[in-house]
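See below for protein04.cif, which holds mmCIF, C-alpha atoms.
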```
data_start
#
loop_
_atom_site.label_atom_id
_atom_site.label_comp_id
_atom_site.auth_asym_id
_atom_site.auth_seq_id
_atom_site.Cartn_x
_atom_site.Cartn_y
_atom_site.Cartn_z
CA MET A 13 63.49 -138.18 -150.20
CA ASP A 14 64.95 -138.64 -146.77
CA PHE A 15 68.43 -137.95 -148.13
CA LEU A 16 67.62 -134.21 -148.26
CA ASN A 17 67.20 -134.16 -144.48
CA GLU A 18 70.95 -134.62 -144.02
CA LEU A 19 71.71 -131.22 -145.59
CA ASN A 20 71.73 -127.73 -144.12
CA GLU A 21 69.54 -125.05 -145.74
CA LYS A 22 72.15 -123.75 -148.23
CA GLN A 23 73.10 -127.28 -149.23
CA LYS A 24 69.43 -128.20 -149.63
CA LYS A 25 68.86 -125.13 -151.83
CA ALA A 26 71.73 -126.19 -154.11
CA ALA A 27 70.68 -129.87 -154.13
CA THR A 28 67.12 -129.10 -155.15
CA HIS A 29 68.01 -126.54 -157.83
CA ILE A 30 66.51 -127.80 -161.10
CA ASP A 31 66.51 -124.77 -163.40
CA GLY A 32 69.71 -125.32 -165.37
CA ALA A 33 73.33 -125.84 -164.51
CA LEU A 34 74.72 -125.29 -161.04
CA LEU A 35 78.25 -124.62 -159.82
CA VAL A 36 78.99 -125.60 -156.23
CA LEU A 37 82.04 -123.70 -155.04
CA ALA A 38 83.03 -123.82 -151.38
CA GLY A 39 85.96 -124.49 -149.07
CA ALA A 40 87.34 -127.80 -147.89
CA GLY A 41 85.12 -129.77 -145.55
CA SER A 42 82.03 -127.69 -146.30
CA GLY A 43 79.95 -130.56 -147.70
CA LYS A 44 80.41 -130.01 -151.45
CA THR A 45 80.57 -133.72 -152.23
CA LYS A 46 77.48 -134.46 -150.15
CA THR A 47 75.60 -131.58 -151.78
CA ILE A 48 76.54 -132.59 -155.32
CA THR A 49 75.77 -136.27 -154.85
CA THR A 50 72.48 -135.44 -153.17
CA ARG A 51 71.60 -133.14 -156.07
CA LEU A 52 72.30 -135.90 -158.55
CA ALA A 53 70.17 -138.33 -156.54
CA TYR A 54 67.42 -135.71 -156.29
CA LEU A 55 67.39 -135.11 -160.06
CA LEU A 56 67.25 -138.82 -160.78
CA SER A 57 64.48 -139.32 -158.20
CA LEU A 58 62.42 -136.72 -160.07
CA GLY A 59 62.60 -138.92 -163.14
CA ILE A 60 65.26 -136.98 -165.01
CA ASP A 61 67.04 -139.33 -167.39
CA PRO A 62 70.60 -140.03 -166.20
CA LEU A 63 71.72 -139.38 -169.79
CA ASN A 64 70.62 -135.76 -169.31
CA THR A 65 72.94 -135.18 -166.37
CA LEU A 66 76.63 -134.33 -166.18
CA THR A 67 78.48 -134.21 -162.89
CA LEU A 68 82.15 -133.24 -162.90
CA THR A 69 84.83 -133.33 -160.25
CA PHE A 70 88.63 -133.23 -160.12
CA THR A 71 89.81 -136.73 -159.18
CA ASN A 72 88.91 -140.27 -160.21
CA LYS A 73 88.64 -141.20 -156.54
CA ALA A 74 86.08 -138.45 -155.93
CA ALA A 75 84.13 -139.35 -159.09
CA ASN A 76 83.88 -143.03 -158.09
CA GLU A 77 82.92 -142.16 -154.51
CA MET A 78 80.31 -139.64 -155.65
CA GLN A 79 78.69 -142.06 -158.08
CA GLN A 80 78.49 -144.79 -155.43
CA ARG A 81 76.97 -142.37 -152.91
CA ALA A 82 74.38 -141.02 -155.35
CA LEU A 83 73.31 -144.45 -156.56
CA SER A 84 73.08 -145.76 -152.99
CA MET A 85 70.60 -142.96 -152.26
CA ILE A 86 68.22 -143.88 -155.06
CA GLY A 87 68.97 -147.48 -156.02
CA LYS A 88 69.46 -148.91 -159.49
CA VAL A 89 68.96 -146.86 -162.62
CA SER A 90 68.67 -148.08 -166.20
CA THR A 91 71.73 -146.12 -167.31
CA PRO A 92 74.31 -144.74 -164.90
CA PRO A 93 74.73 -140.95 -164.93
CA LEU A 94 77.87 -139.43 -166.43
CA LEU A 95 79.92 -138.56 -163.38
CA CYS A 96 83.62 -138.17 -164.07
CA THR A 97 86.61 -135.86 -163.90
CA PHE A 98 86.94 -132.75 -166.05
CA HIS A 99 89.81 -134.49 -167.84
CA LYS A 100 87.82 -137.66 -168.55
CA PHE A 101 84.92 -135.59 -169.88
CA GLY A 102 87.30 -133.69 -172.16
CA LEU A 103 88.64 -136.99 -173.48
CA LEU A 104 85.15 -138.41 -174.05
CA PHE A 105 84.08 -135.21 -175.79
CA LEU A 106 87.10 -135.30 -178.09
CA LYS A 107 86.61 -138.98 -178.88
CA LEU A 108 82.96 -138.37 -179.81
CA TYR A 109 83.27 -135.11 -181.74
CA ILE A 110 86.80 -134.86 -183.15
CA TYR A 111 85.41 -135.91 -186.53
CA LEU A 112 83.79 -132.46 -186.76
CA ILE A 113 87.26 -130.97 -187.27
CA ASN A 114 88.31 -133.83 -189.55
CA GLY A 115 90.29 -135.52 -186.79
CA LYS A 116 90.50 -139.20 -185.96
CA ASN A 117 89.51 -140.61 -182.59
CA SER A 118 92.33 -143.15 -182.61
CA PHE A 119 94.59 -140.91 -180.52
CA VAL A 120 95.78 -141.92 -177.05
CA ILE A 121 96.66 -139.90 -173.99
CA ILE A 122 99.98 -140.75 -172.37
CA ASP A 123 101.02 -139.97 -168.83
CA SER A 124 104.42 -138.78 -167.61
CA ASP A 125 105.66 -142.38 -167.12
CA ASP A 126 104.76 -143.21 -170.73
CA GLN A 127 106.59 -140.09 -171.92
CA LYS A 128 109.84 -141.30 -170.35
#
```

Rewrite the coordinates I just gave you, this time as structure tokens.
Amino acid sequence: MDFLNELNEKQKKAATHIDGALLVLAGAGSGKTKTITTRLAYLLSLGIDPLNTLTLTFTNKAANEMQQRALSMIGKVSTPPLLCTFHKFGLLFLKLYIYLINGKNSFVIIDSDDQK
């Protein structure tokens, strides 16, 4: 796991945390993305099923970049991990479980351009 060598001690502690959920909260340019992607790669390298992971970020660009970085660290996996924005996760969650409140998953989300 050479990818751990690129982290400082605090980043390495966060990346190798395996006992439950972890929130990485730090300022701009502090290595959050590197820490989170390394943690995901670390978990997958331990044999944790990608379906048992959830990695959230704020932008689609960051989510795509993070997934590419993590997968490049460990190679191919049978199923890609769920790494997306908070908004995308909310949408997926609603689509999967809205039936529990007798809703239909045929709804669509419109953006401000669609509203006009």

Just to confirm, what's the straight-line distance from atom CA of Phe101 of chain A to atom CA of Ala38 of chain A in Å (one decimal)? 22.0 Å

What's around segment 24-28 of chain A at 8 Å? Count all atoms listed in the file, leave out sequence neighbours fewer than 2 positions away in its own chain, and write the answer as an mmCIF file with C-alpha atoms, in the coordinates of the input.
```cif
data_model
loop_
_atom_site.group_PDB
_atom_site.id
_atom_site.type_symbol
_atom_site.label_atom_id
_atom_site.label_comp_id
_atom_site.auth_asym_id
_atom_site.auth_seq_id
_atom_site.Cartn_x
_atom_site.Cartn_y
_atom_site.Cartn_z
ATOM 1 C CA LEU A 16 67.620 -134.210 -148.260
ATOM 2 C CA LEU A 19 71.710 -131.220 -145.590
ATOM 3 C CA ASN A 20 71.730 -127.730 -144.120
ATOM 4 C CA GLU A 21 69.540 -125.050 -145.740
ATOM 5 C CA LYS A 22 72.150 -123.750 -148.230
ATOM 6 C CA ILE A 30 66.510 -127.800 -161.100
ATOM 7 C CA LEU A 34 74.720 -125.290 -161.040
ATOM 8 C CA VAL A 36 78.990 -125.600 -156.230
ATOM 9 C CA THR A 47 75.600 -131.580 -151.780
ATOM 10 C CA ILE A 48 76.540 -132.590 -155.320
ATOM 11 C CA THR A 50 72.480 -135.440 -153.170
ATOM 12 C CA ARG A 51 71.600 -133.140 -156.070
ATOM 13 C CA LEU A 52 72.300 -135.900 -158.550
ATOM 14 C CA TYR A 54 67.420 -135.710 -156.290
ATOM 15 C CA LEU A 55 67.390 -135.110 -160.060
#
```

Nearest residue to Glu77 of chain A from the set A:Leu95, A:Leu63, A:Ala40, A:Met13 (distances using only C-alpha atoms):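 Checking each of A:Leu95, A:Leu63, A:Ala40, A:Met13 against Glu77 of chain A, counting only C-alpha atoms, the winner is A:Leu95.
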
Pick from A:Ser84, A:Asn114, A:Thr67, A:Ser124 nearest to Cys96 of chain A, counting all atoms listed in the file: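 Between A:Ser84, A:Asn114, A:Thr67, A:Ser124, the residue approaching Cys96 of chain A most closely is A:Thr67.
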
Using the chain letters and numbers from the file, give me the residues hit by the PyMOL selection byres ((chain A and resi 119) around 12), as a count of residues only. 13

So how many Å separate atom CA of Phe15 of chain A and atom CA of Leu68 of chain A, to one decimal?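 Atom-to-atom, atom CA of Phe15 of chain A to atom CA of Leu68 of chain A, that is 20.7 Å.
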
Considering only C-alpha atoms, state which residue in the set A:Gly87, A:Gly102, A:Pro92, A:Gly43 is at the smallest distance from Pro62 of chain A.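 Counting only C-alpha atoms, the residue closest to Pro62 of chain A is A:Pro92.
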
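Here atom CA of Lys128 of chain A and atom CA of Ala74 of chain A stand 27.9 Å from one another.
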
Around the point (67.5, -140.9, -160.7) in the file's coordinates, collect all residues with an atom within 10 Å, using only C-alpha atoms, and return them as an MDAnalysis selection string. chainID A and resid 51:62 65 82:83 85:93

From the options A:Gln79, A:Asn17, A:Thr97, A:Gln23, which residue's atoms come nearest to Lys44 of chain A, counting only C-alpha atoms? A:Gln23
